[in-house]
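Novice: Structure below; questions to follow.
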Amino acid sequence: MGGWAEFGLALAVFVGSHFLPRLGGLRDRLIGRFGRRPYFLVYGVVSVILLGWLIGAAGRTPYVELWPQMPWMRWVPNVALPVAILLVTCGVGLPNPFTLGSRRNAVFDREKPGFAAVSRHPLFVALALWAGSHLVVNGDLAHVILFGIFLAMAVVAIPVFDGKARRELGPDAGRFLDRTAVLSFAPLCQRTWLKANGPALLRRGFVGLIVWVGVLEFHVAVIGISALPL
């Protein structure tokens with residue numbers, strides 16, 4: 001099996017793997033039986049494998065060009081991806097229960113929003129940057145479908161999680177939203193915020209830098225083409 005059939009199956013399996021565990025409380029039952037850490041470890045490994053299959057399947061479809069790749073387009077992911085990686089390494093484990101990748105049993109301190117002042121949804125914004133930038137540079141039908149779906153999922157998820165915050169926080173939701181942002185670089189210019197968060201930001205930022213270098217180094221081996229714009 002190959003071509004569009006494989007791509008359609010890979011896409012259906014990948015999307016289904018993210019939604020089916022939530023139906024009927026299946027995820028909660030599995031966590032209750034095996035534990036939270038083993039569940040998410042296995043889930044993460046399976047997700048990476050399925051993502052690799054999906055990306056590979058997109059590359060094996062017949063090429064249907066919707067727009068040509070121009071030289072300047074290759075700069076778009078090279079500018080967006082470092083920001084996306086830093087958002088992930090600096091934002092994962094946030095003490096914010098109203099986003100993906102937050103710390104377990106997190107309780108948000110409105111007086112000390114931490115990295116949530118930069119982004120209260122760093123993983124979703126990172127996904128949107130990754131998908132949107134790759135959508136620009138990949139103008140064939142299969143990759144437009146692939147990255148378009150990821151971009152749509154990230155964009156839709158942000159108001160969904162913000163709606164959850166409004167429902168659970170009630171009258172306090174306004175203070176939560178005012179002290180955080182979907183994406184803002186203003187806190188990086190505030191001395192008070194940097195004094196409180198700078199050391200942790202530098203450590204996580206260094207990890208992000210290493211990840212970025214690794215992505216550039218292994219992009220050819222994994223994807224088959226260089227990520228560099230030249």
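Ordering of the structure tokens sets the chain letters (A, B, ...), residue numbers begin anew at 1 in every chain, and ligands are numbered from 1 in the order given.
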Write out as an mmCIF file with N, CA and C atoms, in the first residue's frame which residues come within 12 Å of Asn197 (chain A) when counting only C-alpha atoms, dropping same-chain ones fewer than 5 positions away.
Specialist:
data_model
loop_
_atom_site.group_PDB
_atom_site.id
_atom_site.type_symbol
_atom_site.label_atom_id
_atom_site.label_comp_id
_atom_site.auth_asym_id
_atom_site.auth_seq_id
_atom_site.Cartn_x
_atom_site.Cartn_y
_atom_site.Cartn_z
ATOM 1 N N CYS A 90 11.115 26.112 27.169
ATOM 2 C CA CYS A 90 10.893 27.060 28.266
ATOM 3 C C CYS A 90 9.500 26.931 28.862
ATOM 4 N N GLY A 91 8.553 26.419 28.102
ATOM 5 C CA GLY A 91 7.169 26.405 28.562
ATOM 6 C C GLY A 91 6.637 25.085 29.043
ATOM 7 N N LYS A 112 2.392 35.598 40.225
ATOM 8 C CA LYS A 112 3.668 35.193 39.645
ATOM 9 C C LYS A 112 3.397 34.293 38.441
ATOM 10 N N PRO A 113 3.015 34.872 37.320
ATOM 11 C CA PRO A 113 2.628 34.055 36.170
ATOM 12 C C PRO A 113 3.775 33.307 35.512
ATOM 13 N N GLY A 114 5.028 33.728 35.780
ATOM 14 C CA GLY A 114 6.162 33.044 35.189
ATOM 15 C C GLY A 114 6.146 33.102 33.674
ATOM 16 N N PHE A 115 6.496 31.982 33.033
ATOM 17 C CA PHE A 115 6.589 31.971 31.577
ATOM 18 C C PHE A 115 5.224 32.139 30.917
ATOM 19 N N ALA A 116 4.149 31.926 31.669
ATOM 20 C CA ALA A 116 2.813 32.125 31.113
ATOM 21 C C ALA A 116 2.585 33.572 30.705
ATOM 22 N N ALA A 117 3.375 34.496 31.255
ATOM 23 C CA ALA A 117 3.278 35.892 30.820
ATOM 24 C C ALA A 117 3.755 36.040 29.377
ATOM 25 N N VAL A 118 4.670 35.174 28.976
ATOM 26 C CA VAL A 118 5.114 35.146 27.575
ATOM 27 C C VAL A 118 4.128 34.359 26.731
ATOM 28 N N PRO A 187 7.350 40.724 28.399
ATOM 29 C CA PRO A 187 7.995 40.394 29.678
ATOM 30 C C PRO A 187 9.515 40.279 29.579
ATOM 31 N N LEU A 188 10.023 39.936 28.391
ATOM 32 C CA LEU A 188 11.468 39.800 28.222
ATOM 33 C C LEU A 188 12.187 41.133 28.328
ATOM 34 N N CYS A 189 11.427 42.218 28.293
ATOM 35 C CA CYS A 189 12.002 43.565 28.425
ATOM 36 C C CYS A 189 11.723 44.179 29.789
ATOM 37 N N GLN A 190 11.119 43.412 30.700
ATOM 38 C CA GLN A 190 10.762 43.923 32.022
ATOM 39 C C GLN A 190 11.758 43.410 33.060
ATOM 40 N N ARG A 191 12.408 44.325 33.743
ATOM 41 C CA ARG A 191 13.465 43.962 34.685
ATOM 42 C C ARG A 191 12.953 43.069 35.815
ATOM 43 N N THR A 192 11.775 43.378 36.334
ATOM 44 C CA THR A 192 11.237 42.588 37.452
ATOM 45 C C THR A 192 10.984 41.158 37.020
ATOM 46 N N LEU A 202 17.277 30.974 31.116
ATOM 47 C CA LEU A 202 18.568 30.720 30.493
ATOM 48 C C LEU A 202 18.871 29.225 30.414
ATOM 49 N N ARG A 203 18.578 28.497 31.488
ATOM 50 C CA ARG A 203 18.836 27.054 31.485
ATOM 51 C C ARG A 203 17.993 26.352 30.426
ATOM 52 N N ARG A 204 16.708 26.674 30.406
ATOM 53 C CA ARG A 204 15.822 26.027 29.440
ATOM 54 C C ARG A 204 16.122 26.503 28.020
ATOM 55 N N GLY A 205 16.512 27.773 27.898
ATOM 56 C CA GLY A 205 16.870 28.285 26.591
ATOM 57 C C GLY A 205 18.095 27.589 26.019
#
Novice: Select from region 106-141 of chain A every residue with an atom at most 7 Å from any atom of region 76-89 of chain A, then for each give the shortest pair of atoms and their distance in Å to one decimal, using only C-alpha atoms, rows by chain and rising number, as JSON lines.
Specialist:
{"residue": "A:Pro122", "atom": "CA", "partner": "A:Leu87", "partner_atom": "CA", "distance": 5.2}
{"residue": "A:Leu123", "atom": "CA", "partner": "A:Val88", "partner_atom": "CA", "distance": 5.6}
{"residue": "A:Ala126", "atom": "CA", "partner": "A:Ala84", "partner_atom": "CA", "distance": 4.1}
{"residue": "A:Leu129", "atom": "CA", "partner": "A:Ala80", "partner_atom": "CA", "distance": 5.9}
{"residue": "A:Trp130", "atom": "CA", "partner": "A:Leu81", "partner_atom": "CA", "distance": 6.0}
{"residue": "A:Ser133", "atom": "CA", "partner": "A:Pro77", "partner_atom": "CA", "distance": 4.7}
{"residue": "A:His134", "atom": "CA", "partner": "A:Pro77", "partner_atom": "CA", "distance": 6.0}
Novice: Store the residues of this selection in a file with C-alpha atoms, as a PDB file, in the first residue's frame.
Specialist:
ATOM      1  CA  PRO A 122       3.540  27.534  24.571  1.00  0.00           C
ATOM      2  CA  LEU A 123       3.098  24.056  23.092  1.00  0.00           C
ATOM      3  CA  ALA A 126       4.967  26.180  18.967  1.00  0.00           C
ATOM      4  CA  LEU A 129       4.637  28.060  14.252  1.00  0.00           C
ATOM      5  CA  TRP A 130       6.055  24.715  13.145  1.00  0.00           C
ATOM      6  CA  SER A 133       6.064  27.804   8.603  1.00  0.00           C
ATOM      7  CA  HIS A 134       6.291  24.369   6.974  1.00  0.00           C
TER       8      HIS A 134
END
Novice: Can you measure CA of Met73 (chain A) to CA of Val137 (chain A) for me? One decimal in Å is fine.
Specialist: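 Atom-to-atom, CA of Met73 (chain A) and CA of Val137 (chain A) are spaced 5.2 Å apart.
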Novice: Do a neighbour search on Pro97 (chain A) at 8 Å with only C-alpha atoms, toss out local chain neighbours closer than 5 positions, and write the hits as a PyMOL selection string.
Specialist: chain A and resi 102-108
Novice: Here is a test: counting only C-alpha atoms, which residue of A:Thr61, A:Ser119, A:Ser17, A:Thr180 is nearest to Ile145 (chain A)?
Specialist: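 Nearest candidate to Ile145 (chain A) out of A:Thr61, A:Ser119, A:Ser17, A:Thr180: A:Thr61.
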Novice: Residues at most 8 Å from Leu146 (chain A), counting only C-alpha atoms, excluding those fewer than 2 positions away in the same chain, as a PyMOL selection string?
Specialist: chain A and resi 11+55+58+142-144+148-150
Novice: What separation in Å, quoted to one decimal, exists between CA of Gly132 (chain A) and CA of Leu9 (chain A)?
Specialist: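 For CA of Gly132 (chain A) relative to CA of Leu9 (chain A), the distance reads 22.9 Å.
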Novice: Could you check which of A:Arg37, A:Leu194, A:Val136, A:Phe161 is closest to Trp72 (chain A), using only C-alpha atoms?
Specialist: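 The closest residue to Trp72 (chain A) is A:Val136.
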Novice: Neighbours of Glu217 (chain A) within 12 Å (only C-alpha atoms; same-chain residues fewer than 6 positions away dropped), as a list in words?
Specialist: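 The contact residues come out as Ile210, Val211, Ile223, Gly224, Ile225, Ser226, Ala227 and Leu228 of chain A.
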Novice: Counting only C-alpha atoms, which residue out of A:Arg167, A:Glu111, A:Leu151, A:Pro68 sits closest to Trp193 (chain A)?
Specialist: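 Closest candidate: A:Glu111.
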Novice: Using only C-alpha atoms, which of the listed residues (A:Arg120, A:Leu127, A:Trp75, A:Leu54) sits closest to Asp178 (chain A)?
Specialist: A:Arg120
Novice: To one decimal place in Å, what is the distance between CA of Val155 (chain A) and CA of Phe14 (chain A)?
Specialist: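 Result for CA of Val155 (chain A) versus CA of Phe14 (chain A): 18.2 Å, one decimal.
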Novice: Nearest to Gly59 (chain A): which of A:Leu141, A:Val182, A:Leu94, A:Val13 is it, counting only C-alpha atoms?
Specialist: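 Using only C-alpha atoms, the shortest distance to Gly59 (chain A) belongs to A:Leu141.
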Novice: Considering only C-alpha atoms, can you say which of A:Arg110, A:Asp140, A:Ser184, A:Val125 comes closest to Glu65 (chain A)?
Specialist: A:Asp140
